[in-house]
Structure formats: C-alpha cells, structure tokens
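Report on the structure given below.
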Amino acid sequence: MKVKKLFGTFFVMLFFMAFAHSQEKTITGTITDQGGMPLPGVNIVVEGTANGTQSDFDGNYTINASEGQVLVFTYLGQRTVQRTIGGQSTIDIQMEEDASQLEEVVVIGYGNQEERKIIQNVGIVKEEAIENLQVVSADQLLQGQSAGTQIVNASGVLGSAAVIRVRGVNSINSGSQPLIVIDGVPITDTEGNTLNRGGNTDINPLSYVNPNDIESLTVLKDAGATSIYGSRGANGVVLITTKKGRRNSKAQLTLDISTQFSESTDVPDILSADEFRQWKSEIATIQNGTLTTPEDLGLGAIGSGGTDWLEGVQRTGISQNYNLGVRGGGEKTSYFFGLDFQDAQGFVIGNDQQRTGARINIDSDVTNWLKAGMNLGITNNRLARVFVENEIDAPFTTAFLQSPVVRAFDDEGNFLQSGSFIPNIFARVALDDRELKTFRVIGNAFTEITPFEGLTWRSEFGMDWLSVEETTREAEFNTPGGLGQVVSVREERWLTNQTLNYTPNLGEDHSLNILLGLNYEETLRTRLNVSSTGFLTDGLRNLGSGSTPSVLNGDRFPSRLFGLFSRASYDYKGRYLVEGSLRRDGSSRFGVNNRFGYFWSVAAGWIISDESFMDDVSFVDYLSLRASIGTVGNDRLGTFPSLGLFNAGAFGDYNGESGVVPNQPPNPDLKWEESETLDIGLKSTFLNGRLNFNMSYFKKTTSDLLLNQVLPPQTGLRFISRNIGELENKGWEFDVSSINVLTEDFEWRTSFNITTIENTITQLNEDAATDAQGRKIIDGPIQRAIEGESLNNFFLIRYVGINSQTGDAEWLDVNGNITTTPNSGDRVVTGSPLPDFSGGMTNSFRFKDFDLSVLMNYSYGNDVVIDGLRFADGADAIGGIVNVRKQNLNIWRQPGDNAFLPSPNSSTFNPFNQRSTQQQLDASYLRVKNVTLGYNMPEQALEKLGGLFSGIRFYATATNLFTLKKDEMKGIDPEVTDDIDPRFQGESFFTAPQAKSYLIGARLTF
C-alpha cells in the first residue's frame, strides 16, 4: 500500500511538471525610496499567488504576471504599494516611509514587541527560515538556527525526547530542559510518564505540535526576557507561535504530501559468525599452546552458519506525511485550520508511529472594543515502542551483544531460544506487543477588551490535557507464563492569564508601555501501573486473563502555581530604551517557609544609529547596545519535594499487616533554584540590510542548587533534599547573516551562529563527599562533578595503548606513570561532554524558480563515552559470549606489532576492556543536517492548469546527509546521549544512532 502511495505521489508530480512552459508577460521596473535612492531587497509578489521576486542592488526587478493581476511591493519601514497591471510592461515605484511599519513584531513573554526596540536577548526563528524544512518534530526546527541553543537528538528511535539546552547546563538534580510555551500555554513535560526502561525513553513534548503548523519560534535567553516567567525561566523559554489567519484575504488551501525513506546514519563493523569462530579459536590456541578449533569451544564448524543480528534489527523505514492547511479571513475575522496525518516507520524493527492532528486558530473583532479568539491543537499518537539502549529488549543493544554464532531460526523458520540471558531479539519484537497511545489537547480561548485607546485587558483560559497509556504484552516464548502490563497516566493542567496592557499617549518623543498580569495554573497528574502474569495462551491479551494480577502502584500528584507579574518599557525618541519586570510566584512545590519568591530584571538599550553623529556613516543601517540583569527560578523539584513522605501497601507490610514506612524527610525550607544573569549585547545591520551582526556576552550564576544531603544511618533514611550549591555558566554568542548575491535570477543568503560556554561548579554543600585532594565532589561511575570545575567531567583511568614490545595493555596511574594494574584510585579528569563551541550555518540559494537550502550544525571540543565498548572490545566481557568490533581482530602476536588487543597470554588481556579512556572518544562533528531542493512552478505554467492552483512546489529533502567526524568515531553517531539528565550528558550504551532520511513531496496551494 505504501509503495502504491509513493508511486501515486511521483506520477502526480510528473503530471504537474508537464505544464512548466508557456508564454508570459514580463514586467520590469526600478524601485526607489522617498529620496530617489535605489532600494534593494524590496519584496514583489503577484497578489494571491506564490509568484514573487526581490529588487536587486540597483533597485531593479523583473517579474512575470498577467494583465489585471496586482503587484504588491513591501519593504521594511516603507508603506506597502499595490499596482494593477494594465497594458504597460514597465512599472517604476517610489516608496514612502511608514513609521508604523519600521519593524516586524516579535512574540515575547506575555506580549509582542517591535524587533527594533527589543532589548531582551531572544533568538528568533521566523517563518521564512522554517517553512521549507521537513522535520519530524519541532525541536529540529531550532537545531543550528539559534545561538546559545544546543539540541542533541538523543537517538534515532521514533518518539524519543531531545536534549535541549539554552545557554548550557543550569542544574544538577533538577531539570535542565527549557520551558515550552505554545500559543501562550506552558506545556507539561513531566518525566516518568511511561515504563521508562532502556535509556531516554520519555516522550518528546514537542512531538505534539505539527511542525507545518508553526509560524515562528522565539527563544528567550537572558533574565530580561525570562524573568516574566519567574520560577520556571531558569533554563530558558521557547515560545512557539502557530500559524494564524490573514485579514482581508480569500481562503487559501495548502495540501502538502510527502514520502520519506530512512536508514541508520552509521553503525560499527562487528564480526560475522565465521570471523567470531576464527577469532575465538586463535585466542584459545595462543592461550592453550595447542590448536583449539571452534568446535572445541562449542561454536560450531567454520561455515556452519549463524545470524547477522545487527543487520536484522535494521530496515529501510518508509513514511507517509499529509498536511492540509486553510487560512484566510475577512475584514474582522481571520482563521487557520490544519489537519495532519503521519504514518512513520522507523529504521529500527518494531518502531512505528501513527500521528493524527488537528488545529483551529481563530480571532475576530467582535466590536470596535472587543476581540475574541481561540488557539486549539489536538493530537492523537500511536507508537509501537522499542527501547533505546542498555536493555535486553532494546534492538540495537541486543544486536551488538548477541553472539553471531547463535541461530535465530531453526530449519523450519521457527524462532530459537538464544541459550543465554541475551534474548532472541527477533522473537521479542515479533511476538511481544509494546504500544504507547497518547492523546493531547493544548489550547486557549481569549478575549481582549479595549475600553479606551491605550488600555487593553486580555483574558485567557487555557489547558494542556495529556492522556498516556502504555500497554505491554510479552509472549510465552519470551516470558514463561506471559506478562501483561499497563501504565496509565493522566496529566491535566488548567490555567488562566489575566493581563492589563496600558500605553498612554505621552507625545511624540516619549513611549511607555505597562503590563500587569496574573497567572494561575493547576496541574493534576495521576498514574496507575498494573500487571498480570500466568496467561493460559498468547491469544489471551487482556490483563484480566492472567492468573496473578497485581497493582504495582497508583499515585496522585497535584500542584498549583500562582503568579503576579508586571513589566514596564519606556523609550525616549525611540532611541534610549529601558525596561523592568517583576514577578511574585507562589508554588505548592516549595517548602512552607519559602512558599513565595520574587524574580526581577532591569534592562537598558541605546540605538546608536539614530544619533545625529551617525548621519554620515552611510554603511550602518542599525546599531544598538543593550544590557540586562535579573533573576529567574527553576521549580523542577518534583511534586512533593518538601514534604515528609511515606511508603504504604507492600512497602509498609509488617508481619502481614498493612502499614507505612518513612521514605522522605520533610524540609519546610526547600525553595526553588535561582539564577542571576548578566547579559551585554550588540546588534547591527549594514549595507542596506545586506549584513547583520549580533554579539552577546552572558554570565549566569545559579544558586540554591537542589542537592541530596546524606543522612546518618540511624535515621533509617538515605538523604534529604536541600538547597546547597552554586553553578556558573558564562560565554559568548555570535550571529551573522548576509545577502551575498542578489540579482534578478540568482540569490544567495548565509546565516551563521556560534556559542561558547564555560561551566563551573563554584560551590557544593558542606556534607558533600571529598576526593583525595580534599575537593568536594558528586561522584558517578563515569562522570564526577568537582567544586571549582565543570559539572560534567569524565573521570576515568587513562588508557595508553598496547606496548608493541611486550604485548601488554598499559594505562597511567594517578601520577601519570605507566602501569598494567590500574585501579579506581587512578581515575582523573579526562575530558568533558560539554563542547568548547557549537552552532550552525545555513546557506540558501535561489536560481529562477529553483531554491536550495543547506543547514549544517556542529560541535567542537566535546567528548563522549560509549560505555558499550566495554563489551564490544576485548574478549572477556560477560564471560566472552558477546560479539565484538572488527578492530579486535588485530591481536598482538609478536614484538613490533601495532595491535589493538593485547597478547592473549598477557595478564592485561582480561581486564583490557575495563572502563577507561579507551571508551572516551572525540565527538566533535560537522553535520549536514538538512538539504532541501525545491522547484516553484512559474505563473505561466499554473495558468495552463486553468487557474485551479495559485502555487505548486515540488521538493526533495535529505536529513543527516553527511557527517564530518574523527576516524575513531567510525560506526558511532556523535550526536547521541542516553539520557536528558544533565549528569549523564555525553554517555551512550549502544544507543540507536540518528536516522538518515530522504524525502520527496509536493505542496499544492489552491
């Protein structure tokens, strides 16, 4: 069926392209400003069509159109001009300045602001930067497009959450993901809504908004922008604005159809069955001193077959995507309706997804003083789940570990048991069911009342309603007796925002805007986890059919937030800008003694280019300086972090009687983590908009870090959560964009951004563990946080290599001396998963009716620890029954050998694969993230279709097309991490890599 759909799409495209040639009328002209100077970059479109162009450096333009059609000329800061085409072929235009249209309006917290006057540090990704990107989820629209925003797609498994960091890691134990706000509704992204087995398996919160419905994204970064969100703004805020209707515009219908093929980006080379037999035989022969055959080792004879498990868990995924959008409006009402359907097949077996969504956005001027509207998005998702990594049911993990001599099927094609704790993953995927069903409604309704000019009262009522049901049914073959389990989660958030916006008339030179607001949110999360075992047959699917049902847990987590906020913005002559904000938050998550907190910011800006002494500097269009300082909070402490909690039921069983046992001690002083940010920036535009350059320096200090303080054993409790600790992030951000070439037929634009961040733990609690040097630490098996150093330090034994003369593996002890017997005391700081710098670059080209966009993202100076290499390298992992990479064929045999593995007779042979820097790799990379080639059918070709279409676009997109990386990363995706928890960033255990995909599609506009 999918193949038929693919060919259907292909022939439709060929049909429309057959009409690409016909006669047309060419209109030319010159566009000048009010002073008679040529205006480059003026947008010219044929009204109601997708046919458009821009004026070149000399103000000249050429466009094809028909008599009776209307040309629309638009330019920033100039009045829009319309001209109806008659018999003439030349139309010259002189534009006039329009003070009311000097700048585009940008969405900020609880309002909008002219981009020219923004003194907050925000990253803006506009519609033109994303409208032609074809992505799976909205986070991919941000990747590489906003300085200071780093996004790591944790794996290539469909539905897995991405790691999003705005200006680095800002917490240790609390969440570090930014607050996501969709059309004014802060959405929930609670962890633990699923079984959560096998790495980062929480749901991606941005998978609930259709990327095709998004109009723009704004990343709030400094305190001047985020303090209006108070106790939730410490990790930054991502504002997503969905598409709205257009006033005085006839209905425009857009149908977008595409087909996508996906495969793995890169996987390691591992041994085939016969290579494994020969390798194990050679090792045993060297160790025993006599010939040892594979049959002697129970591995079967050479040529007796086996299974390519890694090849078997991969496939070519085929996906279909359909998007329908209708937008338009009359004099008083505008609307946007959207429908989407995605039938996606991942490149990992058993991983499929069906997503259906609908959106309705309406706003209307009911009277001259009342405006009303709504924004509503509904999503239904069915995901056939597979685990990401470090789990025997995770396809990639099991495929790497499983011995290649183990057969998956008997001679009749029936599944075979593997004979070890590592299962037959083909049987697990084929016979077991794991389905995650989610239904989500995100939306709000609003009214705006303007009793008199300058004062607006906006009243919003919103909701984020999430229903999650995960069903697991394991077959008798995989789990004797069978197993059924259901996790059901409901998370309901209701909110209201009430704001008063006052803009008094203070004369021509003064401008003042005052915002007063109230925010109330109430969230209830319930979770039920039930299971059953002892099924008579696999045909009985319901939990009630099991002989031993049990309720594993049933929980209820309510929380409330009440906030009062204000913001005042003032400017003098549009040149000297000041702004301040204040918010008071009360949250049920905080301790009773710290129930309320205050968050504030002040900012100032100076538009230098408006000064008289800049009048003769003709190449500078715009130049401004800004600075801000303020505080924000992080309330991701859990639901009941300050309360004394008890475990009941089975946990409190006492001699067969029900009871309770203490689980968490109370802490009435618990409060939010607080961040103070200093931000200084410069924004500039040169050469009539041809070059833009922005620069920012920031320093963010997070205090009152939530850490776990160890309690004395006699308390019966392990630890208590307290606010003790301090973390600092500081760095630079640079944005550059340019129009490199602009002619009638050819255009080339470039945008580039780079960010550097230095992360330091400046203080840990007095009861923290200490190392041999007396430094306070938070220790882990791979990483160690050290006071005075970065939060993320790989803390490992340093691996040197194989001594070519002795055949021994060698490491360094803590003092830097060669040793063959290292121990845990020889661990030192060896690197960090945090990059020295990261960013992205986009190049956009247009040649006549063709366009090409190339988006790249990069990261430099960061390492990853592929912990799975402890099993995929060396011969003794888990008793020597697992497969290994092909590098392991290079065994030391005689002096002078430059080998990968030590001599099998060396005392270092068995401990060779212990955890060390051997698994730490340089993960610097440059990735061609998205390449899109498009063709827009010209007006004359559309006319041949009888006027049915106002625009037709064909496109092809490649994602993760190519990655430039170090040789040591061959077979390993550098852009993976196994958890969104900041303490484990840059770690992986056979994590499924990113998908490389190829997509073709058509966009039809009626």
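Chains: A, B, ... in order of the structure tokens. Residues: from 1 per chain. Ligands: from 1, in order shown.
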
May I have the residues within 6 Å of range 426-443 of chain A as a PyMOL selection string, using only C-alpha atoms and disregarding those fewer than 5 positions away in the same chain? chain A and resi 350+375-385+462-475

Please produce an output containing C-alpha atoms for each residue in the selection, written as a PDB file, in the first residue's frame.
ATOM      1  CA  GLY A 350       9.311  -2.794  15.680  1.00  0.00           C
ATOM      2  CA  ASN A 375      -5.993  28.506  19.532  1.00  0.00           C
ATOM      3  CA  LEU A 376      -6.602  24.779  19.789  1.00  0.00           C
ATOM      4  CA  GLY A 377      -4.418  21.831  18.863  1.00  0.00           C
ATOM      5  CA  ILE A 378      -5.436  18.167  19.203  1.00  0.00           C
ATOM      6  CA  THR A 379      -3.041  15.267  18.692  1.00  0.00           C
ATOM      7  CA  ASN A 380      -3.559  11.509  18.787  1.00  0.00           C
ATOM      8  CA  ASN A 381      -0.459   9.335  18.608  1.00  0.00           C
ATOM      9  CA  ARG A 382       0.066   5.569  18.473  1.00  0.00           C
ATOM     10  CA  LEU A 383       3.669   4.489  18.890  1.00  0.00           C
ATOM     11  CA  ALA A 384       4.979   0.945  18.588  1.00  0.00           C
ATOM     12  CA  ARG A 385       7.844   1.293  21.046  1.00  0.00           C
ATOM     13  CA  GLY A 462      -6.006  27.542  28.636  1.00  0.00           C
ATOM     14  CA  MET A 463      -5.496  23.854  29.069  1.00  0.00           C
ATOM     15  CA  ASP A 464      -2.934  21.143  28.470  1.00  0.00           C
ATOM     16  CA  TRP A 465      -4.627  17.762  28.803  1.00  0.00           C
ATOM     17  CA  LEU A 466      -2.468  14.685  28.298  1.00  0.00           C
ATOM     18  CA  SER A 467      -3.567  11.055  28.365  1.00  0.00           C
ATOM     19  CA  VAL A 468      -0.904   8.345  28.129  1.00  0.00           C
ATOM     20  CA  GLU A 469      -1.478   4.614  28.063  1.00  0.00           C
ATOM     21  CA  GLU A 470       1.366   2.177  27.588  1.00  0.00           C
ATOM     22  CA  THR A 471       0.451  -1.460  27.061  1.00  0.00           C
ATOM     23  CA  THR A 472       2.914  -4.334  27.164  1.00  0.00           C
ATOM     24  CA  ARG A 473       2.137  -7.981  26.388  1.00  0.00           C
ATOM     25  CA  GLU A 474       5.036 -10.438  26.434  1.00  0.00           C
ATOM     26  CA  ALA A 475       4.526 -13.830  24.803  1.00  0.00           C
TER      27      ALA A 475
END

Mind the document's chain letters and residue numbers, and return as a PyMOL selection string the residues of range 92-254 of chain A that DSSP labels strand (DSSP E). chain A and resi 93-94+105-108+111-114+122-125+149-153+162-166+179-182+185-186+214-220+237-242+249-254

Given only C-alpha atoms as the basis, pick out the residue of A:Asn501, A:Gln94, A:Thr957, A:Ser703 nearest to Leu516 in chain A.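 Of A:Asn501, A:Gln94, A:Thr957, A:Ser703, the one nearest Leu516 in chain A, counting only C-alpha atoms, is A:Asn501.
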
Using DSSP on the backbone coordinates, identify all residues within range 517-710 of chain A classified as helix (DSSP H, G or I); present the result as a PDB file with C-alpha atoms, in the first residue's frame.
ATOM      1  CA  LEU A 543      -4.690  -8.338  31.858  1.00  0.00           C
ATOM      2  CA  GLY A 544      -7.731  -9.952  33.457  1.00  0.00           C
ATOM      3  CA  SER A 545      -6.859 -13.201  31.683  1.00  0.00           C
ATOM      4  CA  VAL A 592       6.012  26.082  53.625  1.00  0.00           C
ATOM      5  CA  ASN A 593       8.660  28.569  54.816  1.00  0.00           C
ATOM      6  CA  ASN A 594       9.550  29.555  51.237  1.00  0.00           C
ATOM      7  CA  ILE A 608      23.305  54.403  18.363  1.00  0.00           C
ATOM      8  CA  SER A 609      22.448  54.547  14.680  1.00  0.00           C
ATOM      9  CA  ASP A 610      19.670  57.067  15.398  1.00  0.00           C
ATOM     10  CA  SER A 612      22.978  62.639  14.635  1.00  0.00           C
ATOM     11  CA  PHE A 613      26.690  61.850  14.642  1.00  0.00           C
ATOM     12  CA  MET A 614      25.854  58.651  12.694  1.00  0.00           C
ATOM     13  CA  GLY A 649       0.938  -1.055  50.908  1.00  0.00           C
ATOM     14  CA  ALA A 650       3.523  -3.716  50.104  1.00  0.00           C
ATOM     15  CA  PHE A 651       6.325  -1.328  51.096  1.00  0.00           C
ATOM     16  CA  GLY A 652       4.814  -0.977  54.584  1.00  0.00           C
TER      17      GLY A 652
END

For Gln34 in chain A, work out the shell of residues within 10 Å, counting only C-alpha atoms and skipping chain neighbours fewer than 4 positions away, then give it as a count of residues only. 7

Output as CSV one row per residue of range 37-111 of chain A within 10 Å of range 248-253 of chain A: the closest atom pair and its distance in Å to one decimal place, counting only C-alpha atoms, sorted by chain and residue number ascending.
residue,atom,partner,partner_atom,distance
A:Glu47,CA,A:Ser249,CA,9.9
A:Gly48,CA,A:Lys250,CA,8.1
A:Thr49,CA,A:Gln252,CA,9.6

Between CA of Gly880 in chain A and CA of Ser304 in chain A, what is the spacing in Å?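 Atom-to-atom, CA of Ser304 in chain A and CA of Gly880 in chain A are spaced 20.0 Å apart.
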
So which residues touch Ala958 in chain A within 8 Å, counting only C-alpha atoms, skipping near sequence neighbours fewer than 6 positions away, as a PyMOL selection string? chain A and resi 929-932+996-999

Using only C-alpha atoms, which residue out of A:Ser907, A:Ser601, A:Asn323, A:Gln994 lies closest to Leu158 in chain A?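 Smallest separation from Leu158 in chain A among the options: A:Gln994.
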
I'd like to know which of A:Arg493, A:Arg167, A:Lys970, A:Lys332 is closest to Gln887 in chain A, using only C-alpha atoms. A:Lys970

Close residues, range 820-830 of chain A itself excluded, 7 Å, only C-alpha atoms, min 5 positions apart in chain, as a list of chain:residue names: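 Here the answer would be A:Asn793, A:Phe794, A:Phe795, A:Leu796, A:Ile797, A:Ala809, A:Glu810, A:Trp811, A:Asp813, A:Val814, A:Thr908.
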
Identify, on the basis of only C-alpha atoms, every residue whose closest approach to range 689-694 of chain A does not exceed 6 Å; exclude the query and any residue fewer than 4 positions from it along the same chain; express the result as an mmCIF file with N, CA and C atoms, in the first residue's frame.
data_model
loop_
_atom_site.group_PDB
_atom_site.id
_atom_site.type_symbol
_atom_site.label_atom_id
_atom_site.label_comp_id
_atom_site.auth_asym_id
_atom_site.auth_seq_id
_atom_site.Cartn_x
_atom_site.Cartn_y
_atom_site.Cartn_z
ATOM 1 N N LEU A 682 25.283 43.493 21.505
ATOM 2 C CA LEU A 682 25.337 44.449 20.397
ATOM 3 C C LEU A 682 24.557 43.862 19.231
ATOM 4 N N LYS A 683 23.771 44.720 18.567
ATOM 5 C CA LYS A 683 23.010 44.296 17.400
ATOM 6 C C LYS A 683 23.224 45.305 16.290
ATOM 7 N N SER A 684 23.461 44.828 15.055
ATOM 8 C CA SER A 684 23.795 45.764 13.986
ATOM 9 C C SER A 684 23.365 45.228 12.625
ATOM 10 N N THR A 685 23.102 46.187 11.731
ATOM 11 C CA THR A 685 22.767 45.898 10.339
ATOM 12 C C THR A 685 23.526 46.881 9.453
ATOM 13 N N PHE A 734 27.470 34.628 19.000
ATOM 14 C CA PHE A 734 27.645 35.443 17.801
ATOM 15 C C PHE A 734 26.671 34.964 16.728
ATOM 16 N N ASP A 735 25.998 35.921 16.099
ATOM 17 C CA ASP A 735 25.108 35.651 14.962
ATOM 18 C C ASP A 735 25.527 36.532 13.803
ATOM 19 N N VAL A 736 25.680 35.938 12.624
ATOM 20 C CA VAL A 736 25.996 36.701 11.418
ATOM 21 C C VAL A 736 25.079 36.216 10.301
ATOM 22 N N SER A 737 24.466 37.153 9.594
ATOM 23 C CA SER A 737 23.692 36.792 8.409
ATOM 24 C C SER A 737 24.010 37.779 7.301
ATOM 25 N N SER A 738 23.983 37.288 6.080
ATOM 26 C CA SER A 738 24.370 38.151 4.958
ATOM 27 C C SER A 738 23.602 37.771 3.704
ATOM 28 N N ILE A 739 23.417 38.773 2.849
ATOM 29 C CA ILE A 739 22.904 38.552 1.499
ATOM 30 C C ILE A 739 24.120 38.669 0.583
#

Of the candidates A:Leu645, A:Ile952, A:Leu255, A:Leu623, which one gets nearest to Arg327 in chain A if we count only C-alpha atoms? A:Leu255

Report as a tab-separated table: every residue of range 214-314 of chain A with an atom at most 10 Å from range 186-190 of chain A, its closest pair of atoms, and their distance in Å to one decimal, counting only C-alpha atoms, with rows sorted by chain and ascending residue number.
residue	atom	partner	partner_atom	distance
A:Tyr229	CA	A:Pro186	CA	9.9
A:Arg232	CA	A:Pro186	CA	9.8
A:Val237	CA	A:Pro186	CA	9.5
A:Val238	CA	A:Pro186	CA	9.6
A:Leu239	CA	A:Pro186	CA	8.9

Could you save those same residues with N, CA and C atoms as a PDB file, in the first residue's frame?
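File produced: result_35.pdb:
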ATOM      1  N   TYR A 229       8.587  34.904  33.487  1.00  0.00           N
ATOM      2  CA  TYR A 229       8.094  33.556  33.796  1.00  0.00           C
ATOM      3  C   TYR A 229       8.558  33.079  35.174  1.00  0.00           C
ATOM      4  N   ARG A 232      10.023  29.519  36.685  1.00  0.00           N
ATOM      5  CA  ARG A 232      10.184  28.480  35.656  1.00  0.00           C
ATOM      6  C   ARG A 232      11.099  28.888  34.518  1.00  0.00           C
ATOM      7  N   VAL A 237      13.284  29.840  27.856  1.00  0.00           N
ATOM      8  CA  VAL A 237      11.892  29.633  27.455  1.00  0.00           C
ATOM      9  C   VAL A 237      11.842  29.585  25.933  1.00  0.00           C
ATOM     10  N   VAL A 238      11.136  28.607  25.387  1.00  0.00           N
ATOM     11  CA  VAL A 238      10.922  28.504  23.946  1.00  0.00           C
ATOM     12  C   VAL A 238       9.455  28.796  23.674  1.00  0.00           C
ATOM     13  N   LEU A 239       9.198  29.918  22.983  1.00  0.00           N
ATOM     14  CA  LEU A 239       7.835  30.309  22.625  1.00  0.00           C
ATOM     15  C   LEU A 239       7.542  29.843  21.204  1.00  0.00           C
TER      16      LEU A 239
END

Quick one: contact table of range 779-893 of chain A to range 276-289 of chain A, 9 Å max, nearest atom pair and distance in Å to one decimal per residue, counting only C-alpha atoms, chain and number order, as a Markdown table?
| residue | atom | partner | partner_atom | distance |
| --- | --- | --- | --- | --- |
| A:Ala875 | CA | A:Lys280 | CA | 8.1 |
| A:Gly880 | CA | A:Lys280 | CA | 9.0 |
| A:Asn883 | CA | A:Phe276 | CA | 7.3 |
| A:Val884 | CA | A:Phe276 | CA | 8.2 |
| A:Asn888 | CA | A:Trp279 | CA | 8.5 |
| A:Leu889 | CA | A:Trp279 | CA | 6.6 |
| A:Ile891 | CA | A:Ile283 | CA | 8.6 |
| A:Arg893 | CA | A:Ile286 | CA | 8.8 |

Dump as a compact mmCIF listing (two decimals), in the first residue's frame, selection limited to C-alpha atoms:
# COMPACT_ATOMS: atom_id res chain seq x y z
CA ALA A 875 37.42 -10.94 24.68
CA GLY A 880 33.34 -13.95 26.48
CA ASN A 883 30.27 -10.16 19.80
CA VAL A 884 32.96 -7.51 19.25
CA ASN A 888 39.54 -6.74 17.84
CA LEU A 889 40.86 -8.99 15.06
CA ILE A 891 45.74 -9.11 18.22
CA ARG A 893 51.31 -11.76 18.31
